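Colleague: Pasting work.cif below, which is mmCIF, C-alpha atoms.
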```cif
data_final
#
loop_
_atom_site.group_PDB
_atom_site.id
_atom_site.type_symbol
_atom_site.label_atom_id
_atom_site.label_comp_id
_atom_site.auth_asym_id
_atom_site.auth_seq_id
_atom_site.Cartn_x
_atom_site.Cartn_y
_atom_site.Cartn_z
ATOM 1 C CA MET A 654 -3.556 24.580 -12.123
ATOM 2 C CA PRO A 655 -3.888 23.886 -8.396
ATOM 3 C CA ALA A 656 -3.983 20.347 -7.087
ATOM 4 C CA TYR A 657 -7.527 19.035 -6.699
ATOM 5 C CA ALA A 658 -7.192 16.637 -3.767
ATOM 6 C CA GLY A 659 -10.030 16.897 -1.297
ATOM 7 C CA ALA A 660 -10.332 16.003 2.327
ATOM 8 C CA GLN A 661 -9.591 12.294 2.074
ATOM 9 C CA LYS A 662 -9.996 10.747 5.500
ATOM 10 C CA GLU A 663 -7.674 8.281 7.125
ATOM 11 C CA GLU A 664 -9.710 5.189 7.918
ATOM 12 C CA PRO A 665 -8.576 2.225 9.983
ATOM 13 C CA LEU A 666 -7.473 -0.747 7.898
ATOM 14 C CA SER A 667 -7.935 -4.354 8.909
ATOM 15 C CA ASN A 668 -4.689 -6.256 9.382
ATOM 16 C CA SER A 669 -5.319 -8.341 6.258
ATOM 17 C CA VAL A 670 -5.998 -5.263 4.099
ATOM 18 C CA ARG A 671 -2.959 -3.483 5.521
ATOM 19 C CA ALA A 672 -0.754 -6.529 4.794
ATOM 20 C CA MET A 673 -2.088 -6.850 1.231
ATOM 21 C CA MET A 674 -1.526 -3.142 0.552
ATOM 22 C CA GLN A 675 1.971 -3.270 2.080
ATOM 23 C CA ARG A 676 2.874 -6.200 -0.197
ATOM 24 C CA SER A 677 1.575 -4.255 -3.172
ATOM 25 C CA ILE A 678 3.617 -1.157 -2.295
ATOM 26 C CA SER A 679 6.810 -3.137 -1.644
ATOM 27 C CA ASP A 680 6.879 -5.051 -4.953
ATOM 28 C CA SER A 681 10.008 -3.979 -6.804
ATOM 29 C CA ALA A 682 9.502 -5.329 -10.313
ATOM 30 C CA ALA A 683 10.710 -3.016 -13.068
ATOM 31 C CA PRO A 684 7.920 -1.100 -14.823
ATOM 32 C CA ARG A 685 7.065 -2.313 -18.292
ATOM 33 C CA LEU A 686 4.104 -2.081 -20.590
ATOM 34 C CA ALA A 687 1.674 -4.842 -19.744
ATOM 35 C CA ALA A 688 0.083 -5.033 -23.183
ATOM 36 C CA ALA A 689 -1.142 -8.116 -25.034
ATOM 37 C CA SER A 690 1.655 -7.728 -27.569
ATOM 38 C CA PRO A 691 4.689 -5.476 -28.085
ATOM 39 C CA GLU A 692 2.929 -3.869 -31.059
ATOM 40 C CA GLU A 693 -0.172 -3.103 -29.008
ATOM 41 C CA GLY A 694 1.980 -1.634 -26.249
ATOM 42 C CA GLU A 695 3.892 0.546 -28.695
ATOM 43 C CA ALA A 696 0.646 1.802 -30.302
ATOM 44 C CA TRP A 697 -0.708 2.746 -26.850
ATOM 45 C CA LEU A 698 2.546 4.439 -25.880
ATOM 46 C CA GLN A 699 2.626 6.496 -29.097
ATOM 47 C CA ALA A 700 -1.032 7.551 -28.804
ATOM 48 C CA MET A 701 -0.745 8.581 -25.155
ATOM 49 C CA SER A 702 2.635 10.239 -25.707
ATOM 50 C CA LYS A 703 1.140 12.573 -28.319
ATOM 51 C CA ARG A 704 -1.629 13.563 -25.895
ATOM 52 C CA LEU A 705 0.811 14.203 -23.065
ATOM 53 C CA GLN A 706 3.509 15.995 -25.059
ATOM 54 C CA LYS A 707 2.487 19.534 -24.014
ATOM 55 C CA ARG A 708 2.432 18.618 -20.325
ATOM 56 C CA ILE A 709 5.652 16.561 -20.284
ATOM 57 C CA PRO A 710 7.773 17.869 -23.193
ATOM 58 C CA ASP A 711 10.834 15.638 -22.622
ATOM 59 C CA MET A 712 10.188 12.458 -24.638
ATOM 60 C CA ARG A 713 12.295 10.159 -22.436
ATOM 61 C CA MET A 714 10.592 11.371 -19.250
ATOM 62 C CA ARG A 715 7.154 11.173 -20.903
ATOM 63 C CA GLU A 716 7.684 7.596 -22.077
ATOM 64 C CA GLU A 717 9.059 6.506 -18.701
ATOM 65 C CA PHE A 718 6.048 8.110 -17.016
ATOM 66 C CA LEU A 719 3.582 6.418 -19.396
ATOM 67 C CA GLN A 720 5.249 3.002 -19.085
ATOM 68 C CA THR A 721 5.103 3.309 -15.312
ATOM 69 C CA VAL A 722 1.438 4.422 -15.336
ATOM 70 C CA HIS A 723 0.564 1.509 -17.603
ATOM 71 C CA TYR A 724 2.456 -0.986 -15.455
ATOM 72 C CA GLU A 725 1.159 0.230 -12.086
ATOM 73 C CA ALA A 726 -2.434 0.596 -13.287
ATOM 74 C CA THR A 727 -2.456 -2.827 -14.910
ATOM 75 C CA ARG A 728 -0.925 -4.572 -11.910
ATOM 76 C CA ALA A 729 -3.618 -2.972 -9.708
ATOM 77 C CA GLY A 730 -6.366 -4.093 -12.092
ATOM 78 C CA LEU A 731 -7.103 -0.537 -13.271
ATOM 79 C CA ASP A 732 -7.484 0.923 -16.740
ATOM 80 C CA PRO A 733 -4.329 2.963 -17.460
ATOM 81 C CA GLN A 734 -6.432 5.624 -19.188
ATOM 82 C CA LEU A 735 -8.530 6.010 -16.025
ATOM 83 C CA VAL A 736 -5.329 6.587 -14.057
ATOM 84 C CA LEU A 737 -4.219 9.198 -16.597
ATOM 85 C CA ALA A 738 -7.589 10.943 -16.236
ATOM 86 C CA LEU A 739 -7.283 10.913 -12.442
ATOM 87 C CA ILE A 740 -3.773 12.401 -12.663
ATOM 88 C CA HIS A 741 -5.062 14.982 -15.161
ATOM 89 C CA VAL A 742 -7.648 16.148 -12.603
ATOM 90 C CA GLU A 743 -5.612 15.669 -9.427
ATOM 91 C CA SER A 744 -2.306 17.321 -10.343
ATOM 92 C CA ALA A 745 -2.416 18.297 -14.030
ATOM 93 C CA PHE A 746 0.659 16.028 -14.385
ATOM 94 C CA ASN A 747 2.681 18.097 -11.902
ATOM 95 C CA LYS A 748 5.060 15.718 -10.128
ATOM 96 C CA TYR A 749 5.524 18.188 -7.260
ATOM 97 C CA ALA A 750 1.887 19.228 -6.766
ATOM 98 C CA VAL A 751 0.792 19.690 -3.151
ATOM 99 C CA SER A 752 -2.874 20.244 -2.313
ATOM 100 C CA SER A 753 -4.185 22.438 0.460
ATOM 101 C CA ALA A 754 -4.981 19.181 2.322
ATOM 102 C CA GLY A 755 -1.325 18.070 2.009
ATOM 103 C CA ALA A 756 -1.728 15.432 -0.725
ATOM 104 C CA ARG A 757 1.398 15.009 -2.834
ATOM 105 C CA GLY A 758 2.567 14.223 -6.324
ATOM 106 C CA TYR A 759 0.946 13.100 -9.536
ATOM 107 C CA MET A 760 -1.844 11.127 -7.870
ATOM 108 C CA GLN A 761 -2.155 13.409 -4.845
ATOM 109 C CA VAL A 762 -1.459 10.768 -2.215
ATOM 110 C CA MET A 763 -2.092 11.792 1.373
ATOM 111 C CA PRO A 764 0.987 11.351 3.619
ATOM 112 C CA PHE A 765 -0.905 9.213 6.152
ATOM 113 C CA TRP A 766 -0.759 6.376 3.601
ATOM 114 C CA VAL A 767 3.024 6.149 3.974
ATOM 115 C CA LYS A 768 2.577 5.511 7.686
ATOM 116 C CA ALA A 769 -0.326 3.098 7.113
ATOM 117 C CA ILE A 770 1.110 0.882 4.360
ATOM 118 C CA GLY A 771 4.583 2.100 3.409
ATOM 119 C CA ALA A 772 8.002 2.770 4.833
ATOM 120 C CA SER A 773 9.265 5.945 6.483
ATOM 121 C CA ASP A 774 11.735 6.578 3.650
ATOM 122 C CA HIS A 775 9.028 6.578 0.939
ATOM 123 C CA ASN A 776 9.001 9.889 -0.900
ATOM 124 C CA LEU A 777 5.581 10.652 -2.413
ATOM 125 C CA PHE A 778 7.227 12.904 -5.015
ATOM 126 C CA HIS A 779 9.074 9.894 -6.451
ATOM 127 C CA MET A 780 7.192 9.085 -9.653
ATOM 128 C CA ARG A 781 7.025 5.315 -9.331
ATOM 129 C CA LEU A 782 6.177 5.332 -5.640
ATOM 130 C CA ASN A 783 3.480 7.947 -6.109
ATOM 131 C CA LEU A 784 1.898 5.975 -8.946
ATOM 132 C CA ARG A 785 2.202 2.723 -7.007
ATOM 133 C CA TYR A 786 0.530 4.208 -3.929
ATOM 134 C CA GLY A 787 -2.181 5.953 -5.942
ATOM 135 C CA CYS A 788 -3.099 2.851 -7.940
ATOM 136 C CA THR A 789 -3.045 0.651 -4.832
ATOM 137 C CA ILE A 790 -5.293 3.091 -2.969
ATOM 138 C CA LEU A 791 -7.764 3.431 -5.844
ATOM 139 C CA ARG A 792 -7.906 -0.375 -6.154
ATOM 140 C CA HIS A 793 -8.590 -0.562 -2.397
ATOM 141 C CA TYR A 794 -11.456 1.907 -2.724
ATOM 142 C CA LEU A 795 -12.882 0.038 -5.717
ATOM 143 C CA ASP A 796 -12.844 -3.139 -3.643
ATOM 144 C CA ILE A 797 -14.559 -1.402 -0.709
ATOM 145 C CA GLU A 798 -17.200 -0.039 -3.089
ATOM 146 C CA LYS A 799 -17.656 -3.423 -4.812
ATOM 147 C CA GLY A 800 -16.551 -2.073 -8.193
ATOM 148 C CA ASP A 801 -18.577 1.160 -8.103
ATOM 149 C CA LEU A 802 -16.111 3.521 -9.804
ATOM 150 C CA PHE A 803 -18.133 6.661 -9.068
ATOM 151 C CA ARG A 804 -18.091 5.968 -5.310
ATOM 152 C CA ALA A 805 -14.448 4.797 -5.367
ATOM 153 C CA LEU A 806 -13.401 8.072 -7.012
ATOM 154 C CA GLY A 807 -15.358 9.983 -4.371
ATOM 155 C CA ARG A 808 -13.490 8.102 -1.642
ATOM 156 C CA TYR A 809 -10.175 8.688 -3.373
ATOM 157 C CA ASN A 810 -10.775 12.433 -3.343
ATOM 158 C CA GLY A 811 -12.463 12.573 0.069
ATOM 159 C CA SER A 812 -15.716 13.702 -1.515
ATOM 160 C CA LEU A 813 -17.792 10.525 -1.244
ATOM 161 C CA GLY A 814 -21.418 11.251 -2.114
ATOM 162 C CA LYS A 815 -20.648 14.414 -4.087
ATOM 163 C CA PRO A 816 -20.728 14.159 -7.891
ATOM 164 C CA GLU A 817 -18.282 16.929 -8.867
ATOM 165 C CA TYR A 818 -14.986 15.086 -8.525
ATOM 166 C CA PRO A 819 -16.015 11.711 -9.999
ATOM 167 C CA ASN A 820 -17.627 13.577 -12.904
ATOM 168 C CA LEU A 821 -14.410 15.554 -13.521
ATOM 169 C CA VAL A 822 -12.342 12.363 -13.694
ATOM 170 C CA LEU A 823 -14.861 10.493 -15.841
ATOM 171 C CA ASN A 824 -15.147 13.444 -18.232
ATOM 172 C CA ALA A 825 -11.345 13.749 -18.493
ATOM 173 C CA TRP A 826 -11.192 10.011 -19.209
ATOM 174 C CA ARG A 827 -13.828 10.261 -21.929
ATOM 175 C CA LYS A 828 -12.597 13.505 -23.535
ATOM 176 C CA SER A 829 -8.817 13.277 -23.209
ATOM 177 C CA TRP A 830 -7.658 9.768 -22.353
ATOM 178 C CA ALA A 831 -10.053 7.238 -23.933
ATOM 179 C CA TYR A 832 -8.135 4.812 -26.114
ATOM 180 C CA GLN A 833 -9.250 2.304 -28.687
ATOM 181 C CA ALA A 834 -6.549 -0.142 -29.755
ATOM 182 C CA PRO A 835 -6.049 -0.101 -33.519
ATOM 183 C CA ALA A 836 -7.727 -2.972 -35.339
ATOM 184 C CA VAL A 837 -5.351 -5.691 -36.469
ATOM 185 C CA THR A 838 -5.498 -6.262 -40.208
ATOM 186 C CA ALA A 839 -4.970 -9.587 -41.904
ATOM 187 C CA ALA A 840 -1.842 -8.193 -43.565
ATOM 188 C CA ALA A 841 -0.374 -7.374 -40.157
ATOM 189 C CA LEU A 842 -0.876 -10.973 -39.039
ATOM 190 C CA ASN A 843 1.089 -12.430 -41.980
#
```
Output the file's structure in the form of structure tokens.

Modeller:
Amino acid sequence: MPAYAGAQKEEPLSNSVRAMMQRSISDSAAPRLAAASPEEGEAWLQAMSKRLQKRIPDMRMREEFLQTVHYEATRAGLDPQLVLALIHVESAFNKYAVSSAGARGYMQVMPFWVKAIGASDHNLFHMRLNLRYGCTILRHYLDIEKGDLFRALGRYNGSLGKPEYPNLVLNAWRKSWAYQAPAVTAAALN
């Protein structure tokens, strides 16, 4: 499956936005599941791991990927399942995907972002960096669009105002990556 990244445009960033995004990219905390409880985190990890098994067969790599997605999405204030749906559409979970526009990695990050908010040694094929950039950028676009996910997804893909890309991501989210935490029973609480 080819990478889906569109013609995302480099836009000037205010100094305060650039500084906030640079701080977000430079954070070096170790990825971990940011779930309400260890049990809830493990249930999410198992459910998502089953769904991703065909695309990332190696269990260790798959779990590391999912833990990192969960951590980076949560720290950016995003739903981890939304991020999985975006990756599904953008790169089909291909770490080394490159679009015709030059976007790279799982989340199809355009190289101009490294210059704008990163460091010259940042490799967009590095899993954690790619996920960190992608989540930070999507959060930025959600903020610009005052929480309008449809418009933020259009910005992320460089197709603002066109419904195809946001609909692809939202459909992938609904059909493949929606997650309902298992109900806690009284027996489990005792």

Colleague: Counting only C-alpha atoms, what are the residues of stretch 712-758 of chain A within 7 Å of stretch 765-778 of chain A, and for each of them which pair of atoms is the nearest and at what distance in Å, to one decimal? Sort the table by chain and rising number, as a Markdown table.

Modeller:
```
| residue | atom | partner | partner_atom | distance |
| --- | --- | --- | --- | --- |
| A:Lys748 | CA | A:Phe778 | CA | 6.2 |
| A:Tyr749 | CA | A:Phe778 | CA | 6.0 |
| A:Arg757 | CA | A:Leu777 | CA | 6.1 |
| A:Gly758 | CA | A:Phe778 | CA | 5.0 |
```

Colleague: Just give me the gap between atom CA of A:Pro819 and atom CA of A:Arg804 in Å, one decimal is fine.

Modeller: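 A separation of 7.7 Å between them.
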
Colleague: Taking a cut-off of 12 Å and counting only C-alpha atoms, can you build a table that, for each residue of stretch 687-792 of chain A near stretch 814-818 of chain A, reports the nearest atom pair and how far apart they are in Å (one decimal), sorted by chain then residue number, as a Markdown table?

Modeller:
```
| residue | atom | partner | partner_atom | distance |
| --- | --- | --- | --- | --- |
| A:Ala738 | CA | A:Tyr818 | CA | 11.5 |
| A:Leu739 | CA | A:Tyr818 | CA | 9.6 |
| A:His741 | CA | A:Tyr818 | CA | 11.9 |
| A:Val742 | CA | A:Tyr818 | CA | 8.5 |
| A:Glu743 | CA | A:Tyr818 | CA | 9.4 |
```

Colleague: Got a sec to resolve the PyMOL selection byres ((chain A and resi 695-699) around 8) on this structure and send the residues as a list in words?

Modeller: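 Evaluating the PyMOL selection byres ((chain A and resi 695-699) around 8) on this file yields Pro691, Glu692, Glu693, Gly694, Ala700, Met701, Ser702, Lys703, Glu716, Leu719, Gln720, Tyr832, Ala834 and Pro835 of chain A.
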
Colleague: Counting all atoms listed in the file, which residues of stretch 697-750 of chain A sit at most 7 Å from some atom of stretch 785-788 of chain A, and what is each one's closest atom pair with its distance in Å to one decimal, listed by chain and rising residue number, as JSON lines?

Modeller:
```
{"residue": "A:Glu725", "atom": "CA", "partner": "A:Arg785", "partner_atom": "CA", "distance": 5.8}
{"residue": "A:Ala726", "atom": "CA", "partner": "A:Cys788", "partner_atom": "CA", "distance": 5.8}
{"residue": "A:Ala729", "atom": "CA", "partner": "A:Cys788", "partner_atom": "CA", "distance": 6.1}
```

Colleague: Write out the residues from the selection above, keeping C-alpha atoms, as an mmCIF file, in the frame of the given file.

Modeller:
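What landed in selection_1.cif:
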```cif
data_model
loop_
_atom_site.group_PDB
_atom_site.id
_atom_site.type_symbol
_atom_site.label_atom_id
_atom_site.label_comp_id
_atom_site.auth_asym_id
_atom_site.auth_seq_id
_atom_site.Cartn_x
_atom_site.Cartn_y
_atom_site.Cartn_z
ATOM 1 C CA GLU A 725 1.159 0.230 -12.086
ATOM 2 C CA ALA A 726 -2.434 0.596 -13.287
ATOM 3 C CA ALA A 729 -3.618 -2.972 -9.708
#
```

Colleague: Atom CA of A:Met714 and atom CA of A:Tyr759 are how many Å apart?

Modeller: 13.8 Å

Colleague: I need the residue nearest A:Leu731 from this list: A:Leu791, A:Leu823, A:Ala750, A:Leu705. Use all atoms listed in the file for the distance.

Modeller: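 When distances to A:Leu731 are compared using all atoms listed in the file, the smallest one comes from A:Leu791.
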
Colleague: Suppose you want the space between atom CA of A:Ser744 and atom CA of A:Lys799; what is it in Å?

Modeller: 26.4 Å

Colleague: As JSON, what would the box around stretch 697-708 of chain A look like: edges along x, y and z, 5 Å added on every side, centre and edge lengths in Å to one decimal?

Modeller:
```
{"center_x": 0.9, "center_y": 11.1, "center_z": -24.7, "size_x": 15.1, "size_y": 26.8, "size_z": 18.8}
```

Colleague: So which one's closest to A:Arg704, A:Phe746, A:Asn820, A:His793, A:Ala754? Using only C-alpha atoms, please.

Modeller: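 Looking only at the distances to A:Arg704, the closest residue turns out to be A:Phe746.
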
Colleague: Of the residues A:Ala825, A:Leu813, A:Ala745, A:Val736, which is the one nearest to A:Ile790, using only C-alpha atoms?

Modeller: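 Going through A:Ala825, A:Leu813, A:Ala745, A:Val736 one by one, the smallest distance to A:Ile790 is for A:Val736.
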
Colleague: When you count all atoms listed in the file, which of these residues is closest to A:Arg808: A:Ile740, A:Met760, A:Tyr794, A:Leu821?

Modeller: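 With all atoms listed in the file as the atom set, the closest residue is A:Tyr794.
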
Colleague: Assuming the input is short of atoms at stretch 807-819 of chain A, produce N, CA, C and O atoms for that part as a PDB file, keeping the file's coordinate frame.

Modeller:
```
ATOM      1  N   GLY A 807     -14.975   9.084  -5.465  1.00  0.00           N
ATOM      2  CA  GLY A 807     -15.358   9.983  -4.371  1.00  0.00           C
ATOM      3  C   GLY A 807     -14.529   9.712  -3.119  1.00  0.00           C
ATOM      4  O   GLY A 807     -14.058  10.641  -2.454  1.00  0.00           O
ATOM      5  N   ARG A 808     -14.330   8.454  -2.798  1.00  0.00           N
ATOM      6  CA  ARG A 808     -13.490   8.102  -1.642  1.00  0.00           C
ATOM      7  C   ARG A 808     -12.053   8.567  -1.866  1.00  0.00           C
ATOM      8  O   ARG A 808     -11.414   9.074  -0.954  1.00  0.00           O
ATOM      9  N   TYR A 809     -11.558   8.332  -3.077  1.00  0.00           N
ATOM     10  CA  TYR A 809     -10.175   8.688  -3.373  1.00  0.00           C
ATOM     11  C   TYR A 809      -9.937  10.172  -3.130  1.00  0.00           C
ATOM     12  O   TYR A 809      -8.899  10.579  -2.606  1.00  0.00           O
ATOM     13  N   ASN A 810     -10.901  10.985  -3.476  1.00  0.00           N
ATOM     14  CA  ASN A 810     -10.775  12.433  -3.343  1.00  0.00           C
ATOM     15  C   ASN A 810     -11.275  12.957  -2.001  1.00  0.00           C
ATOM     16  O   ASN A 810     -11.091  14.125  -1.688  1.00  0.00           O
ATOM     17  N   GLY A 811     -11.900  12.112  -1.199  1.00  0.00           N
ATOM     18  CA  GLY A 811     -12.463  12.573   0.069  1.00  0.00           C
ATOM     19  C   GLY A 811     -13.764  13.320  -0.132  1.00  0.00           C
ATOM     20  O   GLY A 811     -14.136  14.158   0.680  1.00  0.00           O
ATOM     21  N   SER A 812     -14.453  13.014  -1.225  1.00  0.00           N
ATOM     22  CA  SER A 812     -15.716  13.702  -1.515  1.00  0.00           C
ATOM     23  C   SER A 812     -16.835  12.698  -1.774  1.00  0.00           C
ATOM     24  O   SER A 812     -17.716  12.951  -2.597  1.00  0.00           O
ATOM     25  N   LEU A 813     -16.800  11.575  -1.070  1.00  0.00           N
ATOM     26  CA  LEU A 813     -17.792  10.525  -1.244  1.00  0.00           C
ATOM     27  C   LEU A 813     -19.202  11.103  -1.143  1.00  0.00           C
ATOM     28  O   LEU A 813     -19.500  11.849  -0.215  1.00  0.00           O
ATOM     29  N   GLY A 814     -20.040  10.784  -2.115  1.00  0.00           N
ATOM     30  CA  GLY A 814     -21.418  11.251  -2.114  1.00  0.00           C
ATOM     31  C   GLY A 814     -21.634  12.547  -2.875  1.00  0.00           C
ATOM     32  O   GLY A 814     -22.765  12.965  -3.078  1.00  0.00           O
ATOM     33  N   LYS A 815     -20.544  13.179  -3.304  1.00  0.00           N
ATOM     34  CA  LYS A 815     -20.648  14.414  -4.087  1.00  0.00           C
ATOM     35  C   LYS A 815     -20.237  14.109  -5.520  1.00  0.00           C
ATOM     36  O   LYS A 815     -19.198  13.493  -5.744  1.00  0.00           O
ATOM     37  N   PRO A 816     -20.993  14.558  -6.509  1.00  0.00           N
ATOM     38  CA  PRO A 816     -20.728  14.159  -7.891  1.00  0.00           C
ATOM     39  C   PRO A 816     -19.617  14.934  -8.609  1.00  0.00           C
ATOM     40  O   PRO A 816     -19.130  14.464  -9.633  1.00  0.00           O
ATOM     41  N   GLU A 817     -19.195  16.073  -8.108  1.00  0.00           N
ATOM     42  CA  GLU A 817     -18.282  16.929  -8.867  1.00  0.00           C
ATOM     43  C   GLU A 817     -16.972  16.228  -9.239  1.00  0.00           C
ATOM     44  O   GLU A 817     -16.578  16.215 -10.406  1.00  0.00           O
ATOM     45  N   TYR A 818     -16.287  15.687  -8.250  1.00  0.00           N
ATOM     46  CA  TYR A 818     -14.986  15.086  -8.525  1.00  0.00           C
ATOM     47  C   TYR A 818     -15.086  13.847  -9.420  1.00  0.00           C
ATOM     48  O   TYR A 818     -14.377  13.769 -10.436  1.00  0.00           O
ATOM     49  N   PRO A 819     -15.921  12.865  -9.085  1.00  0.00           N
ATOM     50  CA  PRO A 819     -16.015  11.711  -9.999  1.00  0.00           C
ATOM     51  C   PRO A 819     -16.379  12.133 -11.427  1.00  0.00           C
ATOM     52  O   PRO A 819     -15.827  11.595 -12.387  1.00  0.00           O
TER      53      PRO A 819
END
```
